[in-house]
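Content type mmCIF, C-alpha atoms and all ligand atoms, from the file target_37.cif:
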```
data_work
#
loop_
_atom_site.group_PDB
_atom_site.id
_atom_site.type_symbol
_atom_site.label_atom_id
_atom_site.label_comp_id
_atom_site.auth_asym_id
_atom_site.auth_seq_id
_atom_site.Cartn_x
_atom_site.Cartn_y
_atom_site.Cartn_z
ATOM 1 C CA MET E 191 -56.566 120.585 -84.175
ATOM 2 C CA GLU E 192 -53.171 119.076 -84.776
ATOM 3 C CA LYS E 193 -52.640 115.323 -84.438
ATOM 4 C CA ARG E 194 -49.323 114.566 -82.729
ATOM 5 C CA GLU E 195 -47.767 111.278 -81.644
ATOM 6 C CA GLN E 196 -49.329 107.906 -80.917
ATOM 7 C CA LEU E 197 -49.765 107.503 -77.181
ATOM 8 C CA TYR E 198 -51.071 103.956 -77.106
ATOM 9 C CA ALA E 199 -52.433 101.229 -79.377
ATOM 10 C CA GLY E 200 -55.166 99.031 -77.932
ATOM 11 C CA LYS E 201 -56.630 95.948 -79.593
ATOM 12 C CA ALA E 202 -59.110 97.885 -81.757
ATOM 13 C CA LYS E 203 -58.267 101.590 -81.353
ATOM 14 C CA SER E 204 -55.137 103.722 -81.394
ATOM 15 C CA VAL E 205 -54.846 106.858 -79.289
ATOM 16 C CA PHE E 206 -53.015 110.019 -80.392
ATOM 17 C CA THR E 207 -52.125 113.197 -78.540
ATOM 18 C CA THR E 208 -53.072 116.578 -79.984
ATOM 19 C CA ASP E 209 -51.789 120.139 -79.543
ATOM 20 C CA ASP E 210 -54.360 120.488 -76.725
ATOM 21 C CA PRO E 211 -53.264 118.587 -73.585
ATOM 22 C CA ASN E 212 -56.921 117.985 -72.642
ATOM 23 C CA LEU E 213 -57.863 116.326 -75.941
ATOM 24 C CA LEU E 214 -56.956 113.054 -77.643
ATOM 25 C CA ILE E 215 -57.786 111.509 -81.012
ATOM 26 C CA LEU E 216 -59.088 107.935 -81.121
ATOM 27 C CA HIS E 217 -58.531 106.056 -84.371
ATOM 28 C CA PHE E 218 -60.922 103.117 -84.784
ATOM 29 C CA ARG E 219 -59.086 100.372 -86.673
ATOM 30 C CA ASP E 220 -60.506 97.382 -88.539
ATOM 31 C CA ASP E 221 -58.741 95.035 -86.102
ATOM 32 C CA THR E 222 -61.165 92.805 -84.272
ATOM 33 C CA SER E 223 -60.173 90.800 -81.250
ATOM 34 C CA ALA E 224 -61.849 88.313 -78.984
ATOM 35 C CA PHE E 225 -60.906 86.183 -75.990
ATOM 36 C CA ASP E 226 -58.547 88.880 -74.698
ATOM 37 C CA GLY E 227 -56.638 89.132 -77.938
ATOM 38 C CA GLU E 228 -56.296 85.392 -78.662
ATOM 39 C CA LYS E 229 -58.432 85.664 -81.813
ATOM 40 C CA MET E 230 -57.537 88.610 -84.061
ATOM 41 C CA GLU E 231 -58.732 89.538 -87.561
ATOM 42 C CA GLN E 232 -59.111 92.566 -89.757
ATOM 43 C CA LEU E 233 -62.695 93.155 -90.849
ATOM 44 C CA ALA E 234 -63.073 95.723 -93.635
ATOM 45 C CA ARG E 235 -65.152 98.816 -92.677
ATOM 46 C CA LYS E 236 -65.421 97.841 -89.001
ATOM 47 C CA GLY E 237 -63.406 100.854 -87.805
ATOM 48 C CA ARG E 238 -65.520 103.418 -89.554
ATOM 49 C CA VAL E 239 -68.791 101.696 -88.660
ATOM 50 C CA ASN E 240 -67.896 101.605 -84.953
ATOM 51 C CA ASN E 241 -66.554 105.170 -84.962
ATOM 52 C CA GLN E 242 -69.683 106.658 -86.503
ATOM 53 C CA PHE E 243 -72.038 104.405 -84.544
ATOM 54 C CA ASN E 244 -70.254 105.289 -81.279
ATOM 55 C CA ALA E 245 -70.591 109.019 -82.031
ATOM 56 C CA PHE E 246 -74.354 108.608 -82.460
ATOM 57 C CA ILE E 247 -74.692 106.696 -79.166
ATOM 58 C CA MET E 248 -72.427 109.061 -77.196
ATOM 59 C CA GLU E 249 -74.519 112.025 -78.341
ATOM 60 C CA LYS E 250 -77.721 110.275 -77.217
ATOM 61 C CA LEU E 251 -76.170 109.526 -73.820
ATOM 62 C CA ALA E 252 -74.908 113.089 -73.349
ATOM 63 C CA ALA E 253 -78.400 114.389 -74.177
ATOM 64 C CA ALA E 254 -79.769 112.076 -71.467
ATOM 65 C CA GLY E 255 -77.385 113.527 -68.867
ATOM 66 C CA VAL E 256 -74.491 111.043 -68.943
ATOM 67 C CA PRO E 257 -71.207 112.975 -69.256
ATOM 68 C CA THR E 258 -69.017 111.473 -71.995
ATOM 69 C CA HIS E 259 -65.555 112.077 -73.424
ATOM 70 C CA PHE E 260 -66.994 112.612 -76.933
ATOM 71 C CA GLU E 261 -66.162 116.011 -78.479
ATOM 72 C CA ARG E 262 -66.670 115.622 -82.235
ATOM 73 C CA LEU E 263 -66.207 113.292 -85.180
ATOM 74 C CA LEU E 264 -63.092 114.199 -87.164
ATOM 75 C CA ASN E 265 -63.451 111.843 -90.113
ATOM 76 C CA GLN E 266 -64.690 108.355 -91.014
ATOM 77 C CA ASP E 267 -62.576 106.534 -88.469
ATOM 78 C CA GLU E 268 -61.355 109.184 -86.028
ATOM 79 C CA VAL E 269 -62.991 111.037 -83.147
ATOM 80 C CA LEU E 270 -61.826 113.850 -80.867
ATOM 81 C CA VAL E 271 -62.293 113.068 -77.166
ATOM 82 C CA LYS E 272 -61.454 114.500 -73.752
ATOM 83 C CA ARG E 273 -58.304 113.062 -72.213
ATOM 84 C CA LEU E 274 -59.456 111.029 -69.221
ATOM 85 C CA THR E 275 -57.493 109.309 -66.494
ATOM 86 C CA MET E 276 -59.030 105.873 -66.968
ATOM 87 C CA ILE E 277 -60.378 103.853 -64.054
ATOM 88 C CA PRO E 278 -59.063 100.301 -64.704
ATOM 89 C CA VAL E 279 -62.356 98.453 -64.323
ATOM 90 C CA GLU E 280 -65.047 97.459 -66.814
ATOM 91 C CA CYS E 281 -68.698 97.954 -65.863
ATOM 92 C CA VAL E 282 -71.064 95.307 -67.256
ATOM 93 C CA VAL E 283 -74.871 95.565 -67.159
ATOM 94 C CA ARG E 284 -76.944 92.558 -68.231
ATOM 95 C CA ASN E 285 -80.630 92.362 -69.163
ATOM 96 C CA PHE E 286 -80.531 88.757 -70.439
ATOM 97 C CA ALA E 287 -78.184 85.906 -69.562
ATOM 98 C CA ALA E 288 -75.369 85.333 -72.088
ATOM 99 C CA GLY E 289 -71.610 84.905 -72.348
ATOM 100 C CA SER E 290 -69.610 84.564 -69.155
ATOM 101 C CA LEU E 291 -72.729 84.676 -66.955
ATOM 102 C CA VAL E 292 -74.036 81.527 -68.631
ATOM 103 C CA ARG E 293 -70.654 79.819 -68.237
ATOM 104 C CA ARG E 294 -70.229 80.907 -64.608
ATOM 105 C CA LEU E 295 -73.706 80.147 -63.290
ATOM 106 C CA GLY E 296 -74.886 77.457 -65.682
ATOM 107 C CA VAL E 297 -78.075 79.384 -66.451
ATOM 108 C CA GLU E 298 -79.871 79.232 -69.778
ATOM 109 C CA GLU E 299 -78.790 81.707 -72.461
ATOM 110 C CA GLY E 300 -81.545 84.245 -73.092
ATOM 111 C CA LYS E 301 -83.151 84.153 -69.662
ATOM 112 C CA GLU E 302 -84.365 87.658 -68.812
ATOM 113 C CA LEU E 303 -82.741 89.136 -65.715
ATOM 114 C CA ASP E 304 -85.163 91.101 -63.574
ATOM 115 C CA PRO E 305 -83.808 93.367 -62.251
ATOM 116 C CA PRO E 306 -80.812 93.835 -64.587
ATOM 117 C CA THR E 307 -77.462 92.905 -63.029
ATOM 118 C CA PHE E 308 -74.244 94.868 -62.608
ATOM 119 C CA GLU E 309 -70.686 93.479 -62.466
ATOM 120 C CA PHE E 310 -67.179 94.926 -62.294
ATOM 121 C CA PHE E 311 -64.232 93.309 -64.094
ATOM 122 C CA LEU E 312 -60.588 94.277 -63.772
ATOM 123 C CA LYS E 313 -59.241 95.454 -67.138
ATOM 124 C CA ASN E 314 -56.313 93.074 -67.503
ATOM 125 C CA ASP E 315 -55.969 90.829 -70.592
ATOM 126 C CA ALA E 316 -53.131 88.760 -69.077
ATOM 127 C CA LEU E 317 -55.465 87.809 -66.208
ATOM 128 C CA HIS E 318 -58.479 87.497 -68.579
ATOM 129 C CA ASP E 319 -60.370 90.402 -66.989
ATOM 130 C CA PRO E 320 -61.249 88.740 -63.667
ATOM 131 C CA MET E 321 -64.446 89.747 -61.897
ATOM 132 C CA VAL E 322 -63.848 92.061 -58.934
ATOM 133 C CA ASN E 323 -66.142 93.719 -56.413
ATOM 134 C CA GLU E 324 -66.323 97.070 -54.668
ATOM 135 C CA TYR E 325 -64.079 95.896 -51.838
ATOM 136 C CA HIS E 326 -61.267 95.061 -54.272
ATOM 137 C CA ILE E 327 -61.735 98.427 -55.982
ATOM 138 C CA ARG E 328 -61.474 100.181 -52.613
ATOM 139 C CA ALA E 329 -58.610 98.076 -51.222
ATOM 140 C CA PHE E 330 -56.430 98.504 -54.318
ATOM 141 C CA GLY E 331 -57.344 102.161 -54.758
ATOM 142 C CA TRP E 332 -58.702 101.788 -58.316
ATOM 143 C CA ALA E 333 -61.563 104.188 -57.556
ATOM 144 C CA SER E 334 -63.163 105.925 -54.573
ATOM 145 C CA ASP E 335 -66.540 104.946 -53.122
ATOM 146 C CA SER E 336 -68.207 107.961 -54.694
ATOM 147 C CA GLU E 337 -66.661 107.166 -58.086
ATOM 148 C CA VAL E 338 -67.918 103.579 -57.776
ATOM 149 C CA ALA E 339 -71.415 104.853 -56.970
ATOM 150 C CA GLN E 340 -71.266 107.260 -59.908
ATOM 151 C CA MET E 341 -70.119 104.540 -62.363
ATOM 152 C CA LYS E 342 -72.996 102.305 -61.279
ATOM 153 C CA ALA E 343 -75.570 105.084 -61.502
ATOM 154 C CA TYR E 344 -74.388 106.107 -64.986
ATOM 155 C CA SER E 345 -74.274 102.456 -66.153
ATOM 156 C CA PHE E 346 -77.918 101.934 -65.185
ATOM 157 C CA LYS E 347 -78.868 105.254 -66.794
ATOM 158 C CA VAL E 348 -77.138 104.105 -70.006
ATOM 159 C CA ASN E 349 -79.121 100.868 -69.789
ATOM 160 C CA GLU E 350 -82.406 102.747 -69.450
ATOM 161 C CA VAL E 351 -81.675 105.006 -72.435
ATOM 162 C CA LEU E 352 -80.244 102.346 -74.744
ATOM 163 C CA ARG E 353 -82.705 99.537 -73.939
ATOM 164 C CA GLN E 354 -85.417 101.889 -75.077
ATOM 165 C CA LEU E 355 -83.463 103.092 -78.143
ATOM 166 C CA PHE E 356 -82.618 99.575 -79.385
ATOM 167 C CA GLY E 357 -86.036 98.256 -78.349
ATOM 168 C CA ALA E 358 -87.777 100.816 -80.544
ATOM 169 C CA ALA E 359 -85.672 99.522 -83.465
ATOM 170 C CA GLY E 360 -86.631 95.879 -82.872
ATOM 171 C CA MET E 361 -83.527 94.808 -80.916
ATOM 172 C CA LEU E 362 -82.856 93.457 -77.426
ATOM 173 C CA LEU E 363 -79.938 95.003 -75.563
ATOM 174 C CA VAL E 364 -78.698 91.803 -73.914
ATOM 175 C CA ASP E 365 -75.654 93.219 -72.100
ATOM 176 C CA PHE E 366 -72.901 95.774 -72.511
ATOM 177 C CA LYS E 367 -69.560 96.924 -71.118
ATOM 178 C CA LEU E 368 -68.634 100.505 -70.257
ATOM 179 C CA GLU E 369 -65.370 102.119 -69.202
ATOM 180 C CA PHE E 370 -65.157 105.343 -67.235
ATOM 181 C CA GLY E 371 -62.396 107.807 -66.433
ATOM 182 C CA LEU E 372 -61.860 111.062 -64.591
ATOM 183 C CA PHE E 373 -61.802 114.483 -66.229
ATOM 184 C CA GLN E 374 -61.127 117.420 -63.893
ATOM 185 C CA GLY E 375 -62.178 115.226 -60.971
ATOM 186 C CA GLU E 376 -65.501 114.123 -62.484
ATOM 187 C CA VAL E 377 -66.498 110.613 -63.616
ATOM 188 C CA VAL E 378 -66.970 110.623 -67.396
ATOM 189 C CA LEU E 379 -67.878 107.812 -69.818
ATOM 190 C CA GLY E 380 -64.895 106.920 -72.027
ATOM 191 C CA ASP E 381 -63.887 104.217 -74.533
ATOM 192 C CA GLU E 382 -66.702 103.363 -76.970
ATOM 193 C CA PHE E 383 -70.197 101.975 -77.226
ATOM 194 C CA SER E 384 -70.465 99.788 -80.303
ATOM 195 C CA PRO E 385 -71.476 96.214 -81.208
ATOM 196 C CA ASP E 386 -67.888 95.260 -80.236
ATOM 197 C CA GLY E 387 -68.687 95.793 -76.554
ATOM 198 C CA CYS E 388 -72.315 94.793 -76.206
ATOM 199 C CA ARG E 389 -74.732 92.043 -77.173
ATOM 200 C CA LEU E 390 -77.707 92.868 -79.382
ATOM 201 C CA TRP E 391 -80.264 90.379 -80.626
ATOM 202 C CA ASP E 392 -83.083 90.790 -83.088
ATOM 203 C CA ALA E 393 -86.149 90.984 -80.845
ATOM 204 C CA ASP E 394 -88.179 88.460 -82.893
ATOM 205 C CA THR E 395 -85.646 85.929 -84.145
ATOM 206 C CA ARG E 396 -82.926 86.508 -81.489
ATOM 207 C CA LYS E 397 -80.370 86.615 -84.310
ATOM 208 C CA LYS E 398 -77.062 87.875 -82.898
ATOM 209 C CA LEU E 399 -76.083 91.296 -84.262
ATOM 210 C CA ASP E 400 -72.873 91.890 -82.273
ATOM 211 C CA LYS E 401 -69.318 90.633 -81.731
ATOM 212 C CA ASP E 402 -70.570 87.180 -80.742
ATOM 213 C CA ARG E 403 -70.794 86.649 -84.545
ATOM 214 C CA PHE E 404 -66.992 87.009 -84.584
ATOM 215 C CA ARG E 405 -66.354 85.124 -81.330
ATOM 216 C CA GLN E 406 -68.476 82.195 -82.491
ATOM 217 C CA GLY E 407 -67.364 82.273 -86.162
ATOM 218 C CA LEU E 408 -70.900 82.935 -87.425
ATOM 219 C CA GLY E 409 -69.760 85.283 -90.225
ATOM 220 C CA GLY E 410 -71.470 88.451 -91.421
ATOM 221 C CA VAL E 411 -69.927 90.460 -88.590
ATOM 222 C CA VAL E 412 -69.662 93.922 -90.128
ATOM 223 C CA GLU E 413 -72.890 93.321 -92.082
ATOM 224 C CA ALA E 414 -74.644 92.819 -88.731
ATOM 225 C CA TYR E 415 -73.073 95.985 -87.267
ATOM 226 C CA GLU E 416 -74.232 97.914 -90.349
ATOM 227 C CA GLU E 417 -77.713 96.490 -89.918
ATOM 228 C CA VAL E 418 -77.799 97.731 -86.326
ATOM 229 C CA ALA E 419 -76.711 101.194 -87.500
ATOM 230 C CA ALA E 420 -79.264 101.234 -90.314
ATOM 231 C CA ARG E 421 -82.087 100.229 -87.957
ATOM 232 C CA LEU E 422 -81.221 103.226 -85.751
ATOM 233 C CA GLY E 423 -81.047 105.508 -88.791
ATOM 234 C CA VAL E 424 -77.270 106.024 -88.523
ATOM 235 C CA THR E 425 -75.678 106.493 -91.936
ATOM 236 C CA ILE E 426 -72.083 105.309 -92.258
ATOM 237 C CA ASP E 427 -69.751 107.210 -94.626
HETATM 238 P P1 LIG M 1 -69.101 88.584 -70.852
HETATM 239 O O1 LIG M 1 -70.394 87.863 -71.008
HETATM 240 O O2 LIG M 1 -67.967 87.991 -71.634
HETATM 241 O O3 LIG M 1 -68.741 88.821 -69.405
HETATM 242 O O4 LIG M 1 -69.316 90.036 -71.494
HETATM 243 C C1 LIG M 1 -70.375 90.864 -71.090
HETATM 244 C C2 LIG M 1 -70.468 92.037 -72.056
HETATM 245 O O5 LIG M 1 -69.328 92.880 -71.947
HETATM 246 C C3 LIG M 1 -70.530 91.620 -73.510
HETATM 247 O O6 LIG M 1 -71.421 92.491 -74.197
HETATM 248 C C4 LIG M 1 -69.116 91.803 -74.023
HETATM 249 C C5 LIG M 1 -68.612 92.921 -73.166
HETATM 250 N N1 LIG M 1 -67.183 92.810 -72.885
HETATM 251 C C6 LIG M 1 -66.284 93.537 -73.621
HETATM 252 O O7 LIG M 1 -66.666 94.297 -74.509
HETATM 253 N N2 LIG M 1 -64.956 93.431 -73.341
HETATM 254 C C7 LIG M 1 -64.486 92.648 -72.369
HETATM 255 O O8 LIG M 1 -63.268 92.600 -72.155
HETATM 256 C C8 LIG M 1 -65.434 91.901 -71.588
HETATM 257 C C9 LIG M 1 -64.988 90.988 -70.481
HETATM 258 C C10 LIG M 1 -66.763 92.000 -71.894
#
```

Once you've parsed the file, please lay out its structure as structure tokens.
Ligand code: TMP
Amino acid sequence: MEKREQLYAGKAKSVFTTDDPNLLILHFRDDTSAFDGEKMEQLARKGRVNNQFNAFIMEKLAAAGVPTHFERLLNQDEVLVKRLTMIPVECVVRNFAAGSLVRRLGVEEGKELDPPTFEFFLKNDALHDPMVNEYHIRAFGWASDSEVAQMKAYSFKVNEVLRQLFGAAGMLLVDFKLEFGLFQGEVVLGDEFSPDGCRLWDADTRKKLDKDRFRQGLGGVVEAYEEVAARLGVTID
């Protein structure tokens, strides 16, 4: 596998082409951003922790029947993935109220949501990822109705698998964000699943173990991510 040129640099990952047109390399950097890039810092080890943690989660999801772009880990901070045509929406599932839901609806942080909720957001930093619905997705041609249905079904399947996985390790999966793309016409999970894109609380103390530590300036960000990995038995090189 030959790494070729950089295709794109996002806020936390850089994407490289390879000698295979169907495969890309994702490089997880230590850059950490919040509030759509307004707050940016480098946190030592974060790239490798998220890369190796994401590989573990993607393998669990694939085993549970969710197709993912993950091919194989290449090294500490790089992974080989399928090249997807990304669908420009973010899929958010929530089990407990937090973050923008609390701000939008004025509900109490930590209230359990039964049943869990699902929201779409347009992936657009300049517009601060506005919430959109299925009609917007259809009208602007971002995805077809069947792709929308597939993204929702996979998001809830991910919730089922990961709520159980984190629950067994003493953590509450509060909410998370997924991004999907198309590979040979099929909807496939892309991007990453890591504490950068979800909320995880200790089940007993409700201590935050995710990127809210960075957003809220609580400190111990990467230490918390490493604790999450250790609780799941993921060793980080
Ligand atoms: P929110 O409460 O800010 O809407 O976020 C819900 C979840 O989605 C939370 O776990 C953070 C994650 N998320 C991202 O990872 N990136 C984003 O751009 C957004 C809007 C949310």

Worksheet item: Quick one: residues within 10 Å of ligand LIG 1 (chain M), with all atoms listed in the file, as an NGL selection string?
Response: :E and (223-227 or 279-284 or 287-294 or 309-315 or 318-321 or 363-369 or 382-390 or 400-402)

Worksheet item: Which of these residues is nearest to E:Pro211, using only C-alpha atoms: E:Gly237, E:Arg194, E:Gln266, E:Arg405?
Response: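 Under the stated criterion, the closest residue is E:Arg194.
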
Worksheet item: Using all atoms listed in the file, which of E:Ala329, E:Leu264, E:Ala202, E:Leu214 sits nearest E:Gln232?
Response: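 The closest residue to E:Gln232 is E:Ala202.
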
Worksheet item: What lies within 12 Å of E:Gly410 using only C-alpha atoms, ignoring chain neighbours under 6 positions off, as a PyMOL selection string?
Response: chain E and resi 233-234+236+397-404+416-417

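For the set E:Gly375, E:Gly407, E:Pro278, E:Gly380, the residue with the smallest atom-to-atom gap to E:Leu216 is E:Gly380, counting all atoms listed in the file.
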
Enclose stretch 405-414 of chain E, meaning all of its atoms listed in the file, in a box aligned along x, y and z, pad it by 3 Å on each side, and list the centre and edge lengths in Å to one decimal, as AutoDock Vina command-line options.
```
--center_x -70.5 --center_y 88.1 --center_z -86.7 --size_x 14.3 --size_y 17.7 --size_z 16.8
```

So that each row is one residue of stretch 291-390 of chain E with an atom at most 12 Å from stretch 242-257 of chain E, can you give its shortest atom pair and the distance in Å to one decimal, using all atoms listed in the file, rows by chain and rising number, as a tab-separated table?
```
residue	atom	partner	partner_atom	distance
E:Gln340	CA	E:Val256	CA	10.3
E:Met341	CA	E:Val256	CA	10.2
E:Lys342	CA	E:Val256	CA	11.7
E:Ala343	CA	E:Val256	CA	9.6
E:Tyr344	CA	E:Val256	CA	6.3
E:Ser345	CA	E:Val256	CA	9.0
E:Phe346	CA	E:Val256	CA	10.4
E:Lys347	CA	E:Val256	CA	7.6
E:Val348	CA	E:Leu251	CA	6.7
E:Asn349	CA	E:Leu251	CA	10.0
E:Glu350	CA	E:Ala254	CA	9.9
E:Val351	CA	E:Leu251	CA	7.3
E:Leu352	CA	E:Leu251	CA	8.3
E:Arg353	CA	E:Leu251	CA	11.9
E:Gln354	CA	E:Lys250	CA	11.6
E:Leu355	CA	E:Lys250	CA	9.2
E:Phe356	CA	E:Ile247	CA	10.7
E:Leu368	CA	E:Met248	CA	11.7
E:Phe370	CA	E:Pro257	CA	9.9
E:Gly371	CA	E:Pro257	CA	10.6
E:Leu372	CA	E:Pro257	CA	10.6
E:Phe373	CA	E:Pro257	CA	10.0
E:Glu376	CA	E:Pro257	CA	8.9
E:Val377	CA	E:Pro257	CA	7.7
E:Val378	CA	E:Pro257	CA	5.2
E:Leu379	CA	E:Pro257	CA	6.2
E:Gly380	CA	E:Pro257	CA	9.2
E:Asp381	CA	E:Asn244	CA	9.3
E:Glu382	CA	E:Asn244	CA	5.9
E:Phe383	CA	E:Asn244	CA	5.2
E:Ser384	CA	E:Asn244	CA	5.6
E:Pro385	CA	E:Phe243	CA	8.9
E:Asp386	CA	E:Asn244	CA	10.4
E:Gly387	CA	E:Asn244	CA	10.7
E:Cys388	CA	E:Asn244	CA	11.8
```

Discussion item. Could you list, as JSON, numbers by chain, every residue matched by the PyMOL selection byres (((chain E and resi 269) around 8) and not hetatm) in this structure?
Written reply: {"E": [215, 216, 217, 241, 245, 260, 261, 262, 263, 264, 265, 267, 268, 270, 271]}

Please save C-alpha atoms of the selected residues as a PDB file, in the frame of the given file.
```pdb
ATOM      1  CA  ILE E 215     -57.786 111.509 -81.012  1.00  0.00           C
ATOM      2  CA  LEU E 216     -59.088 107.935 -81.121  1.00  0.00           C
ATOM      3  CA  HIS E 217     -58.531 106.056 -84.371  1.00  0.00           C
ATOM      4  CA  ASN E 241     -66.554 105.170 -84.962  1.00  0.00           C
ATOM      5  CA  ALA E 245     -70.591 109.019 -82.031  1.00  0.00           C
ATOM      6  CA  PHE E 260     -66.994 112.612 -76.933  1.00  0.00           C
ATOM      7  CA  GLU E 261     -66.162 116.011 -78.479  1.00  0.00           C
ATOM      8  CA  ARG E 262     -66.670 115.622 -82.235  1.00  0.00           C
ATOM      9  CA  LEU E 263     -66.207 113.292 -85.180  1.00  0.00           C
ATOM     10  CA  LEU E 264     -63.092 114.199 -87.164  1.00  0.00           C
ATOM     11  CA  ASN E 265     -63.451 111.843 -90.113  1.00  0.00           C
ATOM     12  CA  ASP E 267     -62.576 106.534 -88.469  1.00  0.00           C
ATOM     13  CA  GLU E 268     -61.355 109.184 -86.028  1.00  0.00           C
ATOM     14  CA  LEU E 270     -61.826 113.850 -80.867  1.00  0.00           C
ATOM     15  CA  VAL E 271     -62.293 113.068 -77.166  1.00  0.00           C
TER      16      VAL E 271
END
```

Response to the item:
Expressed in Å, the length from atom CA of E:His259 to atom CA of E:Asn323 is 25.0 Å

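Interatomic distance, atom CA of E:Leu362 to atom CA of E:Asp392: 6.3 Å.
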
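Separating atom CA of E:Ile327 from atom CA of E:Ser204 is a distance of 26.8 Å.
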
Please complete stretch 201-221 of chain E so it has N, CA and C atoms, and hand it over as a short mmCIF file (atom, residue, chain, number, x, y, z; two decimals), in the frame of the given file.
```cif
data_model
loop_
_atom_site.label_atom_id
_atom_site.label_comp_id
_atom_site.auth_asym_id
_atom_site.auth_seq_id
_atom_site.Cartn_x
_atom_site.Cartn_y
_atom_site.Cartn_z
N LYS E 201 -56.36 97.05 -78.67
CA LYS E 201 -56.63 95.95 -79.59
C LYS E 201 -57.44 96.40 -80.80
N ALA E 202 -58.26 97.43 -80.64
CA ALA E 202 -59.11 97.88 -81.76
C ALA E 202 -58.98 99.37 -82.06
N LYS E 203 -58.40 100.14 -81.14
CA LYS E 203 -58.27 101.59 -81.35
C LYS E 203 -56.84 102.04 -81.02
N SER E 204 -56.41 103.09 -81.73
CA SER E 204 -55.14 103.72 -81.39
C SER E 204 -55.44 105.12 -80.88
N VAL E 205 -54.61 105.58 -79.96
CA VAL E 205 -54.85 106.86 -79.29
C VAL E 205 -53.70 107.81 -79.61
N PHE E 206 -54.03 109.02 -80.03
CA PHE E 206 -53.02 110.02 -80.39
C PHE E 206 -53.18 111.27 -79.54
N THR E 207 -52.05 111.90 -79.21
CA THR E 207 -52.12 113.20 -78.54
C THR E 207 -52.44 114.25 -79.59
N THR E 208 -52.82 115.44 -79.09
CA THR E 208 -53.07 116.58 -79.98
C THR E 208 -52.32 117.78 -79.42
N ASP E 209 -52.45 118.94 -80.07
CA ASP E 209 -51.79 120.14 -79.54
C ASP E 209 -52.50 120.67 -78.30
N ASP E 210 -53.65 120.11 -77.95
CA ASP E 210 -54.36 120.49 -76.72
C ASP E 210 -54.18 119.37 -75.70
N PRO E 211 -53.54 119.65 -74.56
CA PRO E 211 -53.26 118.59 -73.58
C PRO E 211 -54.52 117.92 -73.02
N ASN E 212 -55.68 118.57 -73.16
CA ASN E 212 -56.92 117.98 -72.64
C ASN E 212 -57.66 117.13 -73.65
N LEU E 213 -57.14 117.04 -74.88
CA LEU E 213 -57.86 116.33 -75.94
C LEU E 213 -56.99 115.26 -76.59
N LEU E 214 -57.64 114.15 -76.94
CA LEU E 214 -56.96 113.05 -77.64
C LEU E 214 -57.75 112.71 -78.90
N ILE E 215 -57.09 112.05 -79.83
CA ILE E 215 -57.79 111.51 -81.01
C ILE E 215 -57.80 109.99 -80.89
N LEU E 216 -58.97 109.39 -81.06
CA LEU E 216 -59.09 107.94 -81.12
C LEU E 216 -59.25 107.54 -82.58
N HIS E 217 -58.43 106.60 -83.01
CA HIS E 217 -58.53 106.06 -84.37
C HIS E 217 -59.10 104.64 -84.26
N PHE E 218 -60.28 104.44 -84.81
CA PHE E 218 -60.92 103.12 -84.78
C PHE E 218 -60.37 102.30 -85.95
N ARG E 219 -59.67 101.22 -85.63
CA ARG E 219 -59.09 100.37 -86.67
C ARG E 219 -60.04 99.24 -87.05
N ASP E 220 -59.68 98.52 -88.12
CA ASP E 220 -60.51 97.38 -88.54
C ASP E 220 -60.17 96.13 -87.73
N ASP E 221 -59.14 96.20 -86.91
CA ASP E 221 -58.74 95.04 -86.10
C ASP E 221 -59.88 94.63 -85.18
#
```
